[in-house]
Amino acid sequence: MFRSATEYRYNRLTWPEINEAIGQEKLIILPTGSTEQHGSHLPLDVDLFLCESVCLEVGRRAADRVLVMPPISYGLNLHHIDFPGTIHIEPDVFINFCLNITKSVAYHGFKKILIVNGHGSNAPLIDLIARKTVLETESLCFATTYFWFLMEAFEKIRESKVVAHADEFETSLYLHLAGDRVQMDKAVEDNDRMGKYVSSDSTMNYFVRFNDFWGRWTKTGVHGDPTKATAEKGKIIFEAAVEGLIGLVDELREWPIERRADMHTHPVQSQIRWT
Ligand SMILES: [Zn+2]
């Protein structure tokens, strides 16, 4: 039995074992997070720690099918810069850096790559990384955010209205995974500025996309109600996220990569490059 069939952490393999993993058609998972303020009750690593924890558990349970890469620890965050500790990466730097990673694993021969995002503001960037990887390599690259897989389970147990940042959902997950690092005595509810069409942190329910500097509308750095969080809720939504992502992994591994057909009846200018 190949060791690469049971080891799910990408960088724990040797190079000959990477060759085996390519032969096993393992799907690559790239977790992405951020280093950013999450109120007075949670550490800066929330998006990174929660997303990586979910991905590593997917790896443990589907070790024969996936390899989880070391995570991306930083993201687009200038809007949080008024809060000490937040690290910001410019969008074009982030896209190019991650694209270099996806292209590297594609180069080696991995045909399926899944980027799992844990930081809302990175979502549009990750969409572009996945699309550019598909267009510039012969591999398929997919983008998702782990919280989509737990929303249905969370709907049944949530006690607060807003899902946004350092809120009931993120705090519950952190309580479940590492409760000793959560300072619940400092948890407070806070909300963004809301209009009819726009809110200052338009995470959901608004047609207009807009994110203001958080230093303009909150003194706490919280958006949502973390006081409603419990470890029990965290356990339920963690399970939902892990099982949902395993379902996605299985679907993506089956997804066909077909040959492209060229419909032109006249010569194309194949020397033109867009990159
Ligand atoms: Zn977060």
# chains A, B, ... in the order shown; residues from 1 in each chain; ligands from 1
>>> residues_around(residues="Thr133 of chain A", least_positions_apart="2", cutoff="12 Å", atoms="only C-alpha atoms", output="PyMOL selection string")
chain A and resi 95-96+98-107+111-115+126-131+135-143+275
>>> residues_near_ligand(ligand="ligand 1", cutoff="7 Å", atoms="only C-alpha atoms and all ligand atoms", output="list of chain:residue names")
A:His38, A:Val46, A:Asp47, A:His119, A:His165, A:Ala166, A:Glu170
>>> closest_residue(among="A:Gln271, A:Asn19, A:Ser200, A:Gln37", to="Thr220 of chain A", atoms="only C-alpha atoms")
A:Gln37
>>> select_by_dssp(residues="segment 22-58 of chain A", states="strand (DSSP E or B)", output="list in words")
Leu27, Ile28, Ile29, Leu30, Pro31, Thr32, His38 and Leu42 of chain A
>>> write_last_selection(atoms="N, CA and C atoms", output="short mmCIF file (atom, residue, chain, number, x, y, z; two decimals), in the first residue's frame")
data_model
loop_
_atom_site.label_atom_id
_atom_site.label_comp_id
_atom_site.auth_asym_id
_atom_site.auth_seq_id
_atom_site.Cartn_x
_atom_site.Cartn_y
_atom_site.Cartn_z
N LEU A 27 -7.23 14.75 -5.29
CA LEU A 27 -7.67 16.13 -5.49
C LEU A 27 -6.90 17.01 -4.50
N ILE A 28 -6.40 18.13 -5.00
CA ILE A 28 -5.65 19.06 -4.16
C ILE A 28 -6.62 20.05 -3.51
N ILE A 29 -6.50 20.21 -2.20
CA ILE A 29 -7.29 21.24 -1.49
C ILE A 29 -6.34 22.33 -1.02
N LEU A 30 -6.64 23.56 -1.40
CA LEU A 30 -5.86 24.72 -0.94
C LEU A 30 -6.74 25.58 -0.03
N PRO A 31 -6.51 25.53 1.31
CA PRO A 31 -7.30 26.38 2.20
C PRO A 31 -6.76 27.82 2.17
N THR A 32 -7.65 28.80 2.19
CA THR A 32 -7.21 30.19 2.25
C THR A 32 -7.94 30.91 3.38
N HIS A 38 -10.89 40.05 14.84
CA HIS A 38 -12.22 39.43 14.98
C HIS A 38 -12.81 39.79 16.32
N LEU A 42 -12.07 37.09 20.03
CA LEU A 42 -11.47 36.03 19.21
C LEU A 42 -10.08 36.44 18.71
#
>>> select_by_dssp(residues="segment 10-88 of chain A", states="helix (DSSP H, G or I)", output="VMD selection string")
chain A and resid 10 to 12 15 to 23 46 to 61 78 to 80
>>> residues_around(residues="Leu56 of chain A", least_positions_apart="6", cutoff="12 Å", atoms="only C-alpha atoms", output="NGL selection string")
:A and (7-10 or 28-31 or 48-50 or 62-63 or 66-71 or 116 or 238 or 241-242 or 245-246)
>>> write_last_selection(atoms="C-alpha atoms", output="compact mmCIF listing (two decimals), in the first residue's frame")
# COMPACT_ATOMS: atom_id res chain seq x y z
CA GLU A 7 -1.26 10.69 4.10
CA TYR A 8 -3.53 13.65 3.37
CA ARG A 9 -1.08 16.48 4.11
CA TYR A 10 0.60 17.61 0.87
CA ILE A 28 -5.65 19.06 -4.16
CA ILE A 29 -7.29 21.24 -1.49
CA LEU A 30 -5.86 24.72 -0.94
CA PRO A 31 -7.30 26.38 2.20
CA LEU A 48 -7.36 30.69 8.82
CA PHE A 49 -7.85 28.35 11.79
CA LEU A 50 -11.51 27.53 11.07
CA ALA A 62 -10.99 11.17 2.78
CA ALA A 63 -7.25 10.47 3.02
CA VAL A 66 -7.30 14.33 -1.23
CA LEU A 67 -4.12 16.19 -0.36
CA VAL A 68 -4.47 19.32 1.76
CA MET A 69 -1.88 22.01 1.06
CA PRO A 70 -0.41 24.40 3.63
CA PRO A 71 -2.94 27.26 3.88
CA VAL A 116 -11.56 26.41 0.00
CA PHE A 238 -18.40 21.70 11.78
CA ALA A 241 -19.14 21.64 6.64
CA VAL A 242 -16.85 18.58 6.64
CA LEU A 245 -17.11 19.23 1.43
CA ILE A 246 -16.46 15.48 1.20
>>> atom_distance(atom1="atom CA of Glu251 of chain A", atom2="atom CA of Val54 of chain A")
18.0 Å
>>> residues_around(residues="segment 146-150 of chain A", least_positions_apart="6", cutoff="6 Å", atoms="only C-alpha atoms", output="PDB file with N, CA, C and O atoms, in the first residue's frame")
ATOM      1  N   ILE A 237     -22.273  22.495  13.159  1.00  0.00           N
ATOM      2  CA  ILE A 237     -21.955  23.125  11.873  1.00  0.00           C
ATOM      3  C   ILE A 237     -20.595  22.650  11.336  1.00  0.00           C
ATOM      4  O   ILE A 237     -20.376  22.584  10.123  1.00  0.00           O
ATOM      5  N   ALA A 240     -21.361  19.492   9.510  1.00  0.00           N
ATOM      6  CA  ALA A 240     -22.052  19.789   8.248  1.00  0.00           C
ATOM      7  C   ALA A 240     -21.059  20.265   7.190  1.00  0.00           C
ATOM      8  O   ALA A 240     -21.126  19.856   6.020  1.00  0.00           O
ATOM      9  N   ALA A 241     -20.120  21.121   7.603  1.00  0.00           N
ATOM     10  CA  ALA A 241     -19.136  21.641   6.641  1.00  0.00           C
ATOM     11  C   ALA A 241     -18.243  20.513   6.127  1.00  0.00           C
ATOM     12  O   ALA A 241     -17.990  20.403   4.921  1.00  0.00           O
ATOM     13  N   GLY A 244     -20.291  18.018   3.924  1.00  0.00           N
ATOM     14  CA  GLY A 244     -20.655  18.673   2.659  1.00  0.00           C
ATOM     15  C   GLY A 244     -19.463  18.753   1.718  1.00  0.00           C
ATOM     16  O   GLY A 244     -19.561  18.467   0.517  1.00  0.00           O
TER      17      GLY A 244
END
>>> atom_distance(atom1="atom CA of Ile89 of chain A", atom2="atom CA of Ser53 of chain A")
22.5 Å
>>> atom_distance(atom1="atom CA of Cys51 of chain A", atom2="atom CA of Phe110 of chain A")
22.0 Å
>>> residues_around(residues="Phe207 of chain A", least_positions_apart="3", cutoff="12 Å", atoms="only C-alpha atoms", output="PyMOL selection string")
chain A and resi 195-199+202-204+210
>>> write_last_selection(atoms="N, CA, C and O atoms", output="PDB file, in the first residue's frame")
ATOM      1  N   GLY A 195     -28.821  50.604   4.973  1.00  0.00           N
ATOM      2  CA  GLY A 195     -29.804  51.388   4.245  1.00  0.00           C
ATOM      3  C   GLY A 195     -30.790  50.453   3.565  1.00  0.00           C
ATOM      4  O   GLY A 195     -30.836  49.264   3.859  1.00  0.00           O
ATOM      5  N   LYS A 196     -31.586  51.043   2.659  1.00  0.00           N
ATOM      6  CA  LYS A 196     -32.555  50.199   1.939  1.00  0.00           C
ATOM      7  C   LYS A 196     -31.843  49.306   0.916  1.00  0.00           C
ATOM      8  O   LYS A 196     -32.169  48.132   0.772  1.00  0.00           O
ATOM      9  N   TYR A 197     -30.866  49.886   0.213  1.00  0.00           N
ATOM     10  CA  TYR A 197     -30.192  49.149  -0.856  1.00  0.00           C
ATOM     11  C   TYR A 197     -28.755  48.767  -0.522  1.00  0.00           C
ATOM     12  O   TYR A 197     -28.163  47.927  -1.194  1.00  0.00           O
ATOM     13  N   VAL A 198     -28.182  49.422   0.465  1.00  0.00           N
ATOM     14  CA  VAL A 198     -26.758  49.251   0.741  1.00  0.00           C
ATOM     15  C   VAL A 198     -26.537  49.092   2.240  1.00  0.00           C
ATOM     16  O   VAL A 198     -27.229  49.721   3.035  1.00  0.00           O
ATOM     17  N   SER A 199     -25.573  48.243   2.603  1.00  0.00           N
ATOM     18  CA  SER A 199     -25.094  48.252   3.989  1.00  0.00           C
ATOM     19  C   SER A 199     -23.583  48.381   3.945  1.00  0.00           C
ATOM     20  O   SER A 199     -22.953  48.103   2.931  1.00  0.00           O
ATOM     21  N   SER A 202     -21.822  44.664   3.199  1.00  0.00           N
ATOM     22  CA  SER A 202     -22.929  43.977   2.515  1.00  0.00           C
ATOM     23  C   SER A 202     -22.620  42.513   2.272  1.00  0.00           C
ATOM     24  O   SER A 202     -22.304  42.099   1.165  1.00  0.00           O
ATOM     25  N   THR A 203     -22.702  41.717   3.328  1.00  0.00           N
ATOM     26  CA  THR A 203     -22.382  40.304   3.200  1.00  0.00           C
ATOM     27  C   THR A 203     -23.481  39.528   2.494  1.00  0.00           C
ATOM     28  O   THR A 203     -23.215  38.643   1.713  1.00  0.00           O
ATOM     29  N   MET A 204     -24.732  39.840   2.789  1.00  0.00           N
ATOM     30  CA  MET A 204     -25.853  39.105   2.196  1.00  0.00           C
ATOM     31  C   MET A 204     -27.059  40.049   2.103  1.00  0.00           C
ATOM     32  O   MET A 204     -27.108  41.075   2.749  1.00  0.00           O
ATOM     33  N   PHE A 210     -20.606  46.436  -1.518  1.00  0.00           N
ATOM     34  CA  PHE A 210     -19.906  47.597  -0.959  1.00  0.00           C
ATOM     35  C   PHE A 210     -19.324  47.210   0.387  1.00  0.00           C
ATOM     36  O   PHE A 210     -19.992  46.531   1.177  1.00  0.00           O
TER      37      PHE A 210
END
>>> residues_around(residues="Lys228 of chain A", least_positions_apart="2", cutoff="7 Å", atoms="only C-alpha atoms", output="PyMOL selection string")
chain A and resi 159-160+168+225-226+230
>>> closest_atom_pairs(of="segment 178-269 of chain A", to="segment 76-85 of chain A", cutoff="12 Å", atoms="only C-alpha atoms", output="tab-separated table")
residue	atom	partner	partner_atom	distance
A:Ser200	CA	A:His79	CA	10.8
A:Asp201	CA	A:His79	CA	10.0
A:Phe210	CA	A:His79	CA	11.0
A:Asn211	CA	A:His79	CA	7.5
A:Asp212	CA	A:His79	CA	6.5
A:Phe213	CA	A:His79	CA	4.3
A:Trp214	CA	A:His80	CA	5.6
A:Gly215	CA	A:Asp82	CA	5.5
A:Arg216	CA	A:Asp82	CA	9.1
A:Trp217	CA	A:His79	CA	11.1
A:Thr218	CA	A:Phe83	CA	10.2
A:Lys219	CA	A:Phe83	CA	9.0
A:Thr220	CA	A:Phe83	CA	9.2
A:Gly221	CA	A:Phe83	CA	7.6
A:Val222	CA	A:His80	CA	11.0
